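For reference, final_4.cif is printed below; it contains mmCIF, C-alpha atoms.
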```cif
data_input
loop_
_atom_site.label_atom_id
_atom_site.label_comp_id
_atom_site.auth_asym_id
_atom_site.auth_seq_id
_atom_site.Cartn_x
_atom_site.Cartn_y
_atom_site.Cartn_z
CA MET A 1003 25.59 -17.06 9.46
CA THR A 1004 27.94 -17.56 6.55
CA GLY A 1005 27.50 -17.30 2.83
CA VAL A 1006 25.21 -14.25 2.86
CA SER A 1007 25.60 -11.24 0.60
CA GLN A 1008 26.97 -7.96 1.85
CA ASP A 1009 23.61 -6.18 1.71
CA VAL A 1010 22.02 -8.94 3.82
CA GLN A 1011 24.95 -8.86 6.23
CA VAL A 1012 24.16 -5.23 7.01
CA TYR A 1013 20.67 -6.20 8.18
CA LEU A 1014 22.04 -9.13 10.17
CA SER A 1015 24.26 -6.65 12.02
CA ARG A 1016 21.36 -4.28 12.63
CA PHE A 1017 19.27 -7.19 13.88
CA ALA A 1018 22.00 -8.26 16.30
CA GLU A 1019 21.99 -4.75 17.75
CA LEU A 1020 18.21 -4.89 18.16
CA GLU A 1021 18.35 -8.30 19.82
CA SER A 1022 21.04 -7.21 22.26
CA ASN A 1023 18.42 -5.28 24.22
CA PRO A 1024 15.33 -7.54 24.13
CA GLN A 1025 12.18 -5.96 25.52
CA ALA A 1026 9.52 -7.77 23.50
CA PRO A 1027 7.59 -10.80 24.77
CA ALA A 1028 9.02 -14.22 24.02
CA TRP A 1029 6.49 -15.02 21.29
CA LEU A 1030 7.42 -11.85 19.38
CA GLN A 1031 11.13 -12.53 19.75
CA ARG A 1032 10.54 -15.95 18.19
CA ILE A 1033 8.77 -14.62 15.10
CA ARG A 1034 11.39 -11.87 14.75
CA ARG A 1035 14.19 -14.42 14.71
CA SER A 1036 12.24 -16.58 12.27
CA GLY A 1037 11.77 -13.54 10.02
CA MET A 1038 15.48 -12.75 10.08
CA GLU A 1039 16.34 -16.35 9.25
CA ASP A 1040 13.93 -16.32 6.30
CA PHE A 1041 15.32 -13.04 4.99
CA ALA A 1042 18.94 -14.13 5.42
CA GLU A 1043 18.19 -17.30 3.47
CA ARG A 1044 16.49 -15.49 0.58
CA GLY A 1045 18.10 -12.05 0.53
CA PHE A 1046 16.58 -9.29 -1.54
CA PRO A 1047 14.59 -10.51 -4.56
CA THR A 1048 16.36 -10.21 -7.92
CA THR A 1049 15.12 -9.98 -11.50
CA ARG A 1050 15.93 -13.67 -11.90
CA LEU A 1051 12.67 -14.33 -10.03
CA GLU A 1052 9.58 -14.29 -12.23
CA ASP A 1053 7.64 -12.09 -9.77
CA TRP A 1054 10.44 -9.50 -9.88
CA LYS A 1055 11.38 -9.79 -13.53
CA PHE A 1056 10.68 -6.13 -14.32
CA THR A 1057 11.56 -4.55 -10.96
CA SER A 1058 15.17 -4.37 -9.87
CA LEU A 1059 16.05 -3.57 -6.26
CA ALA A 1060 19.68 -2.89 -7.21
CA PRO A 1061 19.22 0.90 -6.66
CA LEU A 1062 18.00 0.19 -3.13
CA THR A 1063 20.70 -2.30 -2.19
CA ARG A 1064 23.42 0.24 -3.02
CA PHE A 1065 22.58 2.03 0.24
CA SER A 1066 23.33 0.97 3.79
CA PHE A 1067 20.27 2.02 5.80
CA ASP A 1068 20.35 2.76 9.52
CA LEU A 1069 17.25 2.07 11.58
CA ALA A 1070 15.24 5.30 11.69
CA ALA A 1071 14.72 6.86 15.11
CA GLY A 1072 11.22 7.56 16.41
CA GLY A 1073 9.88 10.70 18.09
CA SER A 1074 8.33 13.84 16.66
CA ASN A 1075 11.76 15.23 15.64
CA GLY A 1076 10.53 18.73 16.44
CA TRP A 1077 7.35 18.54 14.39
CA THR A 1078 4.16 19.96 15.94
CA THR A 1079 0.50 19.20 15.33
CA GLN A 1080 0.09 22.60 13.67
CA GLU A 1081 2.88 21.86 11.20
CA VAL A 1082 1.48 18.40 10.40
CA THR A 1083 -1.95 19.92 9.80
CA ARG A 1084 -0.51 22.04 6.99
CA LEU A 1085 0.92 19.02 5.15
CA PRO A 1086 -0.86 17.83 2.00
CA LEU A 1087 -3.40 15.11 2.77
CA ALA A 1088 -2.34 14.94 6.44
CA ASP A 1089 -5.35 16.66 8.03
CA LEU A 1090 -8.60 15.25 6.64
CA GLY A 1091 -10.94 16.19 9.46
CA CYS A 1092 -11.15 12.67 10.87
CA PRO A 1093 -9.42 10.95 13.83
CA ARG A 1094 -5.69 10.61 13.14
CA LEU A 1095 -3.10 8.26 14.56
CA ALA A 1096 0.38 9.54 13.74
CA PHE A 1097 3.59 7.58 13.37
CA VAL A 1098 7.04 9.05 12.76
CA ASN A 1099 9.65 6.79 11.18
CA GLY A 1100 7.41 3.83 11.93
CA ARG A 1101 6.96 4.64 15.64
CA TYR A 1102 3.78 5.83 17.36
CA CYS A 1103 3.82 9.57 18.10
CA PRO A 1104 0.87 10.50 20.35
CA GLU A 1105 1.69 14.23 20.36
CA LEU A 1106 0.89 14.39 16.61
CA CYS A 1107 -2.41 12.52 16.86
CA SER A 1108 -5.75 14.31 16.67
CA GLY A 1109 -9.43 13.82 17.34
CA PRO A 1110 -11.15 11.46 19.80
CA LEU A 1111 -11.76 7.92 18.64
CA PRO A 1112 -15.45 7.00 18.29
CA ALA A 1113 -17.14 4.42 20.48
CA GLY A 1114 -16.41 0.87 19.43
CA VAL A 1115 -12.84 1.58 18.35
CA ARG A 1116 -9.67 0.61 20.12
CA ALA A 1117 -6.63 1.99 18.33
CA GLY A 1118 -3.10 3.06 19.01
CA SER A 1119 0.42 1.73 19.12
CA LEU A 1120 1.01 -1.91 18.23
CA ALA A 1121 3.99 -1.92 20.60
CA SER A 1122 1.64 -1.04 23.46
CA ALA A 1123 -0.84 -3.78 22.56
CA LEU A 1124 1.52 -6.75 22.57
CA ASP A 1125 -0.10 -8.12 25.75
CA ASN A 1126 -3.45 -8.34 23.96
CA PRO A 1127 -4.14 -12.02 23.14
CA LEU A 1128 -5.64 -10.98 19.80
CA VAL A 1129 -2.30 -9.54 18.70
CA GLU A 1130 -0.45 -12.77 19.42
CA GLU A 1131 -3.24 -14.73 17.71
CA HIS A 1132 -3.26 -12.73 14.47
CA LEU A 1133 0.12 -11.03 14.00
CA GLY A 1134 2.10 -12.78 11.27
CA ARG A 1135 -0.70 -15.22 10.47
CA TYR A 1136 -1.68 -13.64 7.12
CA ALA A 1137 1.48 -11.82 5.99
CA ARG A 1138 3.81 -14.76 6.38
CA ALA A 1139 7.56 -14.23 6.54
CA GLN A 1140 8.26 -17.54 4.83
CA ASP A 1141 6.34 -16.44 1.73
CA ASN A 1142 7.93 -13.03 1.07
CA ALA A 1143 11.47 -11.78 1.69
CA LEU A 1144 10.35 -8.19 2.34
CA VAL A 1145 7.66 -9.32 4.77
CA ALA A 1146 10.37 -11.41 6.45
CA LEU A 1147 12.58 -8.32 6.76
CA ASN A 1148 9.69 -6.32 8.21
CA THR A 1149 8.95 -9.11 10.68
CA ALA A 1150 12.58 -9.27 11.80
CA PHE A 1151 12.54 -5.57 12.70
CA LEU A 1152 8.95 -5.48 13.92
CA ARG A 1153 8.75 -2.89 16.68
CA ASP A 1154 5.71 -0.70 16.17
CA GLY A 1155 2.89 0.37 13.91
CA ALA A 1156 -0.87 0.64 14.28
CA PHE A 1157 -3.20 -1.73 16.11
CA VAL A 1158 -6.90 -1.15 15.46
CA GLU A 1159 -9.78 -3.22 16.79
CA ILE A 1160 -13.37 -2.51 15.72
CA ALA A 1161 -15.97 -3.93 18.09
CA ARG A 1162 -18.70 -6.29 16.95
CA GLY A 1163 -21.67 -4.40 15.53
CA ALA A 1164 -19.94 -1.01 15.58
CA LEU A 1165 -20.87 1.56 12.93
CA ILE A 1166 -17.92 3.93 12.46
CA GLU A 1167 -18.99 6.83 10.26
CA GLU A 1168 -15.65 8.69 9.86
CA PRO A 1169 -12.47 7.07 8.57
CA ILE A 1170 -9.60 6.40 10.94
CA HIS A 1171 -6.45 7.93 9.47
CA LEU A 1172 -3.17 6.09 10.03
CA LEU A 1173 -0.55 8.65 9.04
CA PHE A 1174 3.05 7.48 8.61
CA LEU A 1175 5.57 10.31 8.34
CA THR A 1176 9.23 9.92 7.51
CA THR A 1177 11.48 12.70 8.80
CA ALA A 1178 14.79 11.02 8.07
CA GLU A 1179 17.58 13.55 7.60
CA GLY A 1180 21.27 12.78 7.25
CA PRO A 1181 22.36 9.20 6.50
CA PRO A 1182 19.81 6.99 4.70
CA ALA A 1183 17.42 5.36 7.17
CA VAL A 1184 14.82 2.59 7.05
CA SER A 1185 11.57 2.06 8.93
CA HIS A 1186 9.45 -1.09 9.10
CA PRO A 1187 5.88 -0.15 10.11
CA ARG A 1188 3.63 -3.11 10.94
CA ASN A 1189 -0.13 -2.71 11.16
CA LEU A 1190 -2.81 -5.06 12.44
CA ILE A 1191 -6.48 -4.16 11.85
CA LEU A 1192 -9.25 -6.38 13.18
CA ILE A 1193 -12.83 -5.63 12.16
CA GLY A 1194 -15.52 -7.34 14.22
CA ARG A 1195 -18.50 -9.10 12.72
CA ASP A 1196 -21.54 -7.04 11.70
CA SER A 1197 -19.49 -3.83 11.87
CA GLN A 1198 -18.74 -1.08 9.37
CA ALA A 1199 -15.56 1.01 9.24
CA SER A 1200 -13.15 2.78 6.91
CA PHE A 1201 -9.42 3.48 7.11
CA ILE A 1202 -6.89 5.74 5.44
CA GLU A 1203 -3.33 4.42 5.53
CA SER A 1204 -0.97 7.06 4.15
CA TYR A 1205 2.81 7.33 3.82
CA LEU A 1206 4.36 10.77 3.47
CA GLY A 1207 7.98 11.92 3.30
CA LEU A 1208 8.82 15.28 4.88
CA HIS A 1209 12.29 15.80 3.40
CA GLU A 1210 13.76 15.18 -0.04
CA GLN A 1211 16.15 12.56 1.32
CA VAL A 1212 16.98 8.98 0.46
CA TYR A 1213 15.15 6.65 2.84
CA PHE A 1214 13.42 3.28 2.74
CA THR A 1215 9.92 2.43 3.99
CA ASN A 1216 9.10 -1.27 4.25
CA ALA A 1217 5.49 -1.45 5.44
CA VAL A 1218 3.23 -4.45 6.09
CA SER A 1219 -0.46 -4.43 7.02
CA GLU A 1220 -2.67 -7.35 8.05
CA ILE A 1221 -6.44 -6.83 7.95
CA VAL A 1222 -9.14 -9.24 9.11
CA ALA A 1223 -12.70 -8.52 7.97
CA GLY A 1224 -15.19 -10.27 10.26
CA GLU A 1225 -18.42 -11.90 9.16
CA ASN A 1226 -20.95 -9.48 7.61
CA SER A 1227 -18.54 -6.56 8.00
CA VAL A 1228 -18.18 -3.71 5.51
CA VAL A 1229 -14.72 -2.18 5.14
CA ASP A 1230 -13.36 0.65 2.98
CA HIS A 1231 -9.59 1.00 2.93
CA TYR A 1232 -7.56 3.79 1.31
CA ARG A 1233 -3.81 3.34 0.87
CA LEU A 1234 -1.83 6.41 -0.21
CA GLN A 1235 1.86 6.25 -1.13
CA GLN A 1236 3.29 9.77 -1.43
CA GLU A 1237 6.92 9.35 -0.42
CA SER A 1238 9.61 11.91 -1.18
CA GLY A 1239 11.19 11.90 -4.63
CA PRO A 1240 14.43 9.99 -3.78
CA ALA A 1241 12.73 7.49 -1.44
CA PHE A 1242 12.07 3.76 -1.75
CA HIS A 1243 8.72 2.29 -0.74
CA LEU A 1244 7.95 -1.42 -0.50
CA GLY A 1245 4.54 -2.23 0.91
CA ALA A 1246 2.41 -5.31 1.45
CA MET A 1247 -1.22 -5.59 2.53
CA HIS A 1248 -2.83 -8.93 3.36
CA VAL A 1249 -6.60 -9.13 3.80
CA HIS A 1250 -8.47 -12.10 5.23
CA GLN A 1251 -12.24 -12.10 4.70
CA HIS A 1252 -14.89 -14.02 6.58
CA GLY A 1253 -18.38 -14.89 5.36
CA SER A 1254 -20.49 -12.21 3.63
CA SER A 1255 -17.88 -9.54 4.34
CA ALA A 1256 -17.38 -6.72 1.83
CA PHE A 1257 -13.90 -5.23 1.50
CA THR A 1258 -13.01 -2.34 -0.83
CA SER A 1259 -9.46 -1.14 -1.39
CA HIS A 1260 -8.35 2.13 -3.00
CA SER A 1261 -4.59 2.10 -3.62
CA LEU A 1262 -2.82 5.21 -4.92
CA SER A 1263 0.89 5.46 -5.68
CA LEU A 1264 2.19 8.97 -6.35
CA GLY A 1265 5.73 9.40 -4.99
CA GLY A 1266 9.11 7.77 -4.53
CA THR A 1267 11.82 6.84 -7.00
CA LEU A 1268 10.96 3.13 -6.69
CA ALA A 1269 7.70 1.83 -5.24
CA ARG A 1270 6.12 -1.60 -5.12
CA ILE A 1271 2.79 -2.34 -3.45
CA GLU A 1272 1.52 -5.90 -3.05
CA ILE A 1273 -2.11 -6.53 -2.09
CA THR A 1274 -3.40 -10.01 -1.33
CA ALA A 1275 -7.01 -10.74 -0.41
CA VAL A 1276 -8.23 -14.18 0.62
CA LEU A 1277 -12.00 -14.66 0.31
CA ASP A 1278 -12.18 -17.45 2.85
CA ALA A 1279 -15.92 -17.97 3.36
CA GLU A 1280 -19.07 -17.98 1.25
CA GLY A 1281 -20.59 -14.68 0.27
CA ALA A 1282 -17.41 -12.61 0.60
CA GLU A 1283 -17.02 -9.67 -1.81
CA CYS A 1284 -13.82 -7.79 -2.63
CA ALA A 1285 -13.13 -4.77 -4.82
CA LEU A 1286 -9.63 -3.48 -5.60
CA HIS A 1287 -9.27 -0.04 -7.18
CA GLY A 1288 -5.84 1.35 -8.00
CA LEU A 1289 -4.29 4.44 -9.52
CA TYR A 1290 -0.57 4.95 -10.09
CA VAL A 1291 0.89 8.18 -11.44
CA ALA A 1292 4.57 8.51 -12.32
CA GLY A 1293 6.84 10.89 -14.20
CA GLY A 1294 10.54 11.56 -14.61
CA GLU A 1295 12.39 8.28 -14.02
CA GLN A 1296 10.06 6.90 -11.36
CA HIS A 1297 9.35 3.18 -11.25
CA VAL A 1298 6.11 1.84 -9.74
CA ASP A 1299 5.09 -1.80 -9.40
CA ASN A 1300 1.64 -3.06 -8.37
CA ARG A 1301 1.08 -6.72 -7.63
CA THR A 1302 -2.31 -8.08 -6.57
CA ALA A 1303 -3.70 -11.50 -5.76
CA LEU A 1304 -7.40 -12.24 -5.28
CA ASP A 1305 -7.63 -15.71 -3.75
CA HIS A 1306 -11.10 -17.22 -4.03
CA ALA A 1307 -10.79 -19.98 -1.47
CA LYS A 1308 -14.50 -20.71 -0.98
CA PRO A 1309 -17.59 -20.83 -3.26
CA HIS A 1310 -20.13 -18.08 -3.97
CA CYS A 1311 -17.69 -15.16 -3.71
CA SER A 1312 -17.19 -12.23 -6.06
CA SER A 1313 -14.40 -9.79 -6.82
CA ARG A 1314 -13.84 -6.77 -9.03
CA GLU A 1315 -10.51 -5.15 -9.79
CA VAL A 1316 -9.69 -2.05 -11.85
CA TYR A 1317 -6.19 -0.51 -11.85
CA ARG A 1318 -5.28 2.55 -13.91
CA GLY A 1319 -1.82 3.95 -14.61
CA ILE A 1320 -0.66 7.32 -15.94
CA LEU A 1321 3.00 7.49 -17.00
CA ASP A 1322 5.05 10.37 -18.38
CA GLY A 1323 8.72 11.15 -19.05
CA LYS A 1324 10.84 8.03 -18.73
CA ALA A 1325 8.69 6.49 -16.00
CA THR A 1326 8.22 2.73 -15.93
CA ALA A 1327 5.51 0.64 -14.33
CA VAL A 1328 4.58 -2.96 -13.69
CA PHE A 1329 1.15 -4.44 -13.07
CA ASN A 1330 0.87 -8.10 -12.14
CA GLY A 1331 -2.62 -9.12 -11.08
CA LYS A 1332 -3.72 -12.66 -10.36
CA ILE A 1333 -7.13 -14.17 -9.69
CA ILE A 1334 -6.91 -17.60 -8.08
CA VAL A 1335 -9.99 -19.84 -7.93
CA ARG A 1336 -9.51 -22.86 -5.68
CA LYS A 1337 -10.86 -26.31 -6.52
CA ASP A 1338 -13.98 -26.04 -4.36
CA ALA A 1339 -14.67 -22.35 -5.07
CA GLN A 1340 -17.60 -22.95 -7.43
CA LYS A 1341 -19.87 -20.06 -8.48
CA THR A 1342 -16.97 -17.62 -8.33
CA ASP A 1343 -17.59 -14.32 -10.14
CA ALA A 1344 -14.40 -12.34 -10.77
CA LYS A 1345 -13.32 -9.61 -13.15
CA GLN A 1346 -9.96 -7.87 -13.49
CA THR A 1347 -8.97 -4.90 -15.67
CA ASN A 1348 -5.75 -2.91 -16.04
CA LYS A 1349 -5.72 0.29 -18.14
CA ASN A 1350 -2.66 2.40 -18.83
CA LEU A 1351 -2.15 5.82 -20.38
CA LEU A 1352 1.30 6.71 -21.70
CA LEU A 1353 1.85 10.45 -22.06
CA SER A 1354 5.32 10.23 -23.64
CA SER A 1355 7.28 7.97 -25.95
CA GLY A 1356 9.79 7.28 -23.18
CA ALA A 1357 7.29 5.84 -20.69
CA SER A 1358 6.59 2.09 -20.56
CA ILE A 1359 4.45 -0.47 -18.75
CA ASN A 1360 4.71 -4.23 -18.34
CA THR A 1361 1.26 -5.61 -17.53
CA LYS A 1362 0.31 -9.21 -16.80
CA PRO A 1363 -3.24 -9.98 -15.67
CA GLN A 1364 -3.63 -13.67 -14.82
CA LEU A 1365 -6.32 -16.24 -14.14
CA GLU A 1366 -5.50 -19.41 -12.22
CA ILE A 1367 -8.69 -21.48 -12.12
CA TYR A 1368 -9.15 -24.94 -10.58
CA ALA A 1369 -12.98 -24.97 -10.49
CA ASP A 1370 -15.31 -25.47 -13.45
CA ASP A 1371 -18.47 -23.50 -12.59
CA VAL A 1372 -17.09 -19.96 -12.55
CA LYS A 1373 -17.39 -16.65 -14.37
CA CYS A 1374 -13.99 -14.95 -14.66
CA THR A 1375 -12.58 -12.38 -17.07
CA HIS A 1376 -9.44 -10.29 -17.30
CA GLY A 1377 -7.90 -7.77 -19.65
CA ALA A 1378 -5.35 -5.00 -20.09
CA THR A 1379 -4.99 -1.96 -22.32
CA ILE A 1380 -2.07 0.37 -23.08
CA GLY A 1381 -2.61 3.51 -25.09
CA GLN A 1382 -2.00 7.19 -25.65
CA LEU A 1383 -4.33 10.16 -25.79
CA GLY A 1384 -6.44 10.12 -28.92
CA GLU A 1385 -5.49 12.80 -31.41
CA GLU A 1386 -9.14 13.05 -32.49
CA LEU A 1387 -10.24 13.99 -28.98
CA ILE A 1388 -7.42 16.51 -28.65
CA PHE A 1389 -8.37 18.02 -32.01
CA TYR A 1390 -12.02 18.21 -30.92
CA LEU A 1391 -11.13 20.13 -27.75
CA ARG A 1392 -8.70 22.42 -29.58
CA SER A 1393 -11.40 23.25 -32.14
CA ARG A 1394 -13.40 24.66 -29.23
CA GLY A 1395 -10.68 27.05 -28.11
CA ILE A 1396 -8.83 24.84 -25.63
CA SER A 1397 -5.04 24.80 -25.87
CA HIS A 1398 -3.14 21.61 -26.66
CA GLU A 1399 -1.73 21.32 -23.13
CA GLN A 1400 -5.10 22.00 -21.53
CA ALA A 1401 -6.69 19.37 -23.76
CA ARG A 1402 -4.08 16.80 -22.72
CA SER A 1403 -4.59 17.64 -19.05
CA LEU A 1404 -8.39 17.41 -19.29
CA LEU A 1405 -8.28 14.02 -21.00
CA THR A 1406 -5.68 12.69 -18.56
CA TYR A 1407 -7.74 13.93 -15.63
CA ALA A 1408 -10.83 12.24 -17.04
CA PHE A 1409 -8.89 8.96 -17.35
CA ALA A 1410 -8.01 9.07 -13.64
CA GLY A 1411 -11.39 10.41 -12.61
CA ASP A 1412 -13.10 7.02 -12.73
CA THR A 1413 -10.85 5.74 -9.94
CA LEU A 1414 -11.12 8.87 -7.81
CA ALA A 1415 -14.91 8.99 -8.20
CA ARG A 1416 -15.18 5.61 -6.47
CA MET A 1417 -13.86 7.12 -3.22
CA LYS A 1418 -16.71 7.71 -0.80
CA PHE A 1419 -14.83 10.03 1.58
CA GLU A 1420 -15.23 13.43 -0.07
CA PRO A 1421 -12.44 15.36 1.76
CA LEU A 1422 -9.87 12.84 0.57
CA ARG A 1423 -11.30 12.60 -2.93
CA SER A 1424 -11.34 16.36 -3.49
CA ARG A 1425 -7.76 16.81 -2.26
CA LEU A 1426 -6.51 14.01 -4.48
CA GLU A 1427 -8.28 15.59 -7.44
CA SER A 1428 -6.51 18.88 -6.67
CA ARG A 1429 -3.18 17.10 -6.36
CA LEU A 1430 -3.65 15.40 -9.73
CA LEU A 1431 -4.56 18.70 -11.37
CA ALA A 1432 -1.45 20.32 -9.87
CA TRP A 1433 0.69 17.47 -11.21
CA LEU A 1434 -0.76 17.96 -14.68
CA GLU A 1435 -0.32 21.74 -14.57
CA ASN A 1436 3.29 21.45 -13.42
CA GLY A 1437 4.33 19.42 -16.42
CA HIS A 1438 4.02 15.97 -14.79
CA LYS A 1439 7.04 16.41 -12.56
CA ALA A 1440 7.73 13.49 -10.24
CA GLY A 1441 7.41 14.22 -6.56
CA GLU A 1442 5.69 17.60 -7.08
CA ARG A 1443 3.89 18.68 -3.90
CA SER A 1444 0.47 20.31 -4.07
#
```
Please go through the file and, once you have read it, give me the structure as structure tokens.
Amino acid sequence: MTGVSQDVQVYLSRFAELESNPQAPAWLQRIRRSGMEDFAERGFPTTRLEDWKFTSLAPLTRFSFDLAAGGSNGWTTQEVTRLPLADLGCPRLAFVNGRYCPELCSGPLPAGVRAGSLASALDNPLVEEHLGRYARAQDNALVALNTAFLRDGAFVEIARGALIEEPIHLLFLTTAEGPPAVSHPRNLILIGRDSQASFIESYLGLHEQVYFTNAVSEIVAGENSVVDHYRLQQESGPAFHLGAMHVHQHGSSAFTSHSLSLGGTLARIEITAVLDAEGAECALHGLYVAGGEQHVDNRTALDHAKPHCSSREVYRGILDGKATAVFNGKIIVRKDAQKTDAKQTNKNLLLSSGASINTKPQLEIYADDVKCTHGATIGQLGEELIFYLRSRGISHEQARSLLTYAFAGDTLARMKFEPLRSRLESRLLAWLENGHKAGERS
């Protein structure tokens, strides 16, 4: 292919190497090739595009990333257990550099759950039916790149009527050492009708190296299902993280997302939920914390495709140092989606004069019988509150930390899984006590 940029040419070369030893079924090879064609045509998004106006991928495209190798790379279950937020006392599926690593998994899976490596489930007709149907390569250059290099990730299937009490933890570790490497995890989660389940999808870097994680998840919530999903981004300080999650909801399903972004030098998480049948409910909760010169970008889309659906969205940001952030949230109400009830809020706390946020909540409404609101706030800690706490013997720094913690507490309090909530609270407190240093490990 001619006329492509040098950074795209690198991925074309990597893709040719991958294709030279085809082991995937024919249907997967077809969507891989289609993904590579879509990415080669578009290339990496630039700030000339409205959706990327405030997020430049120029720092990422300066590197030539090798495909990260799988395997435990010498890590043991005992070592993983000691990592922050890695061992939460629930069943864990472990992936290293995007590849399934059974020796680092823990806990038996409960009845009604089928879960493991996506690469090992490619002969399942459900995988061929759903993979790539919701996160479409033709709609997103980074999803196209992920699709081109789709090799492994998590496949989870929850049986009809199953009640899964403990979360299923999908732990993605990056152990890349040496030259910069990239992994492209791809996850497919299918929740049967009348079932209830929760998931923790976390990304953790093990070394302070430059690497690139480009993750995509597709989630289908069956009729009358109840789903809680936690997405944790805690990459290493120099790392790049680009993630996309696409949720498709059936009738009377209830989906709740908790998205937290804590690490990386540049991170962007896109969440799209399509409420595609009457009675569907969706709640998106987000918290992003950044210091130093970190950049974090959150983009959400709540697509009300059918009538009588409701959604709630609250994202909070805490920025210090010279950190920058972007929030772009959109509520779409289709022509026939009457009786839609949707509300979106973005609140941001700037702890320094050098931090900044670009926020853009949006409503795109094509129906006339709806109830929709949106809003955004940007502010600093109130001097009156700080003075009040100081007058009661609390130091200035302690007062700032307490007020910042309280600002984030609303988001953390919404998490039902106590072991995760308490550890995240401890991590936030450690970040505050350590002077808001980016990438600080608790």
* Figure out the distance between CA of Val1218 (chain A) and CA of Pro1187 (chain A), please, to one decimal in Å. =>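 So the two atoms, CA of Pro1187 (chain A) and CA of Val1218 (chain A), lie 6.5 Å apart.
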If the PyMOL selection byres ((chain A and resi 1184) around 8) were run on this exact file, what residues would it hold? Put them as a PDB file with C-alpha atoms, in the frame of the given file.
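Result file is expr_24.pdb:
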```pdb
ATOM      1  CA  PHE A1067      20.270   2.020   5.800  1.00  0.00           C
ATOM      2  CA  ASP A1068      20.350   2.760   9.520  1.00  0.00           C
ATOM      3  CA  LEU A1069      17.250   2.070  11.580  1.00  0.00           C
ATOM      4  CA  ALA A1070      15.240   5.300  11.690  1.00  0.00           C
ATOM      5  CA  ASN A1099       9.650   6.790  11.180  1.00  0.00           C
ATOM      6  CA  PRO A1182      19.810   6.990   4.700  1.00  0.00           C
ATOM      7  CA  ALA A1183      17.420   5.360   7.170  1.00  0.00           C
ATOM      8  CA  SER A1185      11.570   2.060   8.930  1.00  0.00           C
ATOM      9  CA  HIS A1186       9.450  -1.090   9.100  1.00  0.00           C
ATOM     10  CA  TYR A1213      15.150   6.650   2.840  1.00  0.00           C
ATOM     11  CA  PHE A1214      13.420   3.280   2.740  1.00  0.00           C
ATOM     12  CA  THR A1215       9.920   2.430   3.990  1.00  0.00           C
ATOM     13  CA  ASN A1216       9.100  -1.270   4.250  1.00  0.00           C
TER      14      ASN A1216
END
```
* Considering all atoms listed in the file, state which residue in the set A:His1171, A:His1252, A:Arg1138, A:Lys1332 is at the smallest distance from Asp1053 (chain A). => A:Lys1332
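Minimum distance to Leu1434 (chain A) across A:Ala1401, A:Cys1374, A:Ala1415, A:Leu1383 (counting all atoms listed in the file) occurs at A:Ala1401.
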* To do: Could you tell me which of A:Gly1331, A:Gly1073, A:Gly1045, A:Pro1027 comes closest to Ala1121 (chain A) if we count all atoms listed in the file?
  => A:Pro1027
* Spatial neighbours of His1310 (chain A), max dist 12 Å, only C-alpha atoms, sep filter under 2 positions, as a list in words -> Gly1253, Ser1254, Leu1277, Asp1278, Ala1279, Glu1280, Gly1281, Ala1282, Glu1283, His1306, Ala1307, Lys1308, Ser1312, Ser1313, Val1335, Arg1336, Asp1338, Ala1339, Gln1340, Lys1341, Thr1342, Asp1343, Ala1344, Ala1369, Asp1371, Val1372 and Lys1373 of chain A
* To do: List the residues selected by the PyMOL selection byres ((chain A and resi 1176) around 12) in the file shown, writing them as a ChimeraX atom specification.
  => /A:1069-1075,1077,1082,1096-1103,1173-1175,1177-1179,1182-1187,1204-1216,1235-1238,1241-1243
* A:Val1228, A:Ala1199, A:Leu1172, A:Leu1244 ranked by distance to Ala1156 (chain A), top pick (using all atoms listed in the file) ->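 Smallest separation from Ala1156 (chain A) among the options: A:Leu1172.
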* Write out as number ranges by chain each polymer residue whose atoms come within 12 Å of Leu1144 (chain A), counting all atoms listed in the file; drop sequence neighbours fewer than 6 positions from it. => A: 1010, 1037-1038, 1040-1042, 1044-1047, 1059, 1137-1138, 1150-1152, 1186, 1214-1218, 1243-1247, 1270-1272
* Between CA of Ser1036 (chain A) and CA of Ala1146 (chain A), distance in Å (one decimal) ->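 Separation of CA of Ser1036 (chain A) and CA of Ala1146 (chain A): 8.0 Å.
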List as an mmCIF file with C-alpha atoms, keeping the file's coordinate frame the protein and nucleic acid residues near Leu1286 (chain A), meaning an atom at most 7 Å away when all atoms listed in the file are counted, but skip any in the same chain fewer than 4 places from it.
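out_26.cif, written as the output of this step:
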```
data_model
loop_
_atom_site.group_PDB
_atom_site.id
_atom_site.type_symbol
_atom_site.label_atom_id
_atom_site.label_comp_id
_atom_site.auth_asym_id
_atom_site.auth_seq_id
_atom_site.Cartn_x
_atom_site.Cartn_y
_atom_site.Cartn_z
ATOM 1 C CA THR A 1258 -13.010 -2.340 -0.830
ATOM 2 C CA SER A 1259 -9.460 -1.140 -1.390
ATOM 3 C CA HIS A 1260 -8.350 2.130 -3.000
ATOM 4 C CA ARG A 1314 -13.840 -6.770 -9.030
ATOM 5 C CA GLU A 1315 -10.510 -5.150 -9.790
ATOM 6 C CA VAL A 1316 -9.690 -2.050 -11.850
#
```
* Compute the distance from (-8.8, -13.1, -0.7) to each atom, counting only C-alpha atoms, keep the residues with any atom at most 7 Å away, and return them as a list in words; use the coordinates of the file. =>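 Selection result: Val1249, His1250, Gln1251, Thr1274, Ala1275, Val1276, Leu1277, Asp1278, Leu1304, Asp1305 and His1306 of chain A.
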Take the residues from that selection and put them in a file with C-alpha atoms, as a compact mmCIF listing (two decimals), in the coordinates of the input.
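As written to disk, part.txt reads:
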```txt
# COMPACT_ATOMS: atom_id res chain seq x y z
CA VAL A 1249 -6.60 -9.13 3.80
CA HIS A 1250 -8.47 -12.10 5.23
CA GLN A 1251 -12.24 -12.10 4.70
CA THR A 1274 -3.40 -10.01 -1.33
CA ALA A 1275 -7.01 -10.74 -0.41
CA VAL A 1276 -8.23 -14.18 0.62
CA LEU A 1277 -12.00 -14.66 0.31
CA ASP A 1278 -12.18 -17.45 2.85
CA LEU A 1304 -7.40 -12.24 -5.28
CA ASP A 1305 -7.63 -15.71 -3.75
CA HIS A 1306 -11.10 -17.22 -4.03
```
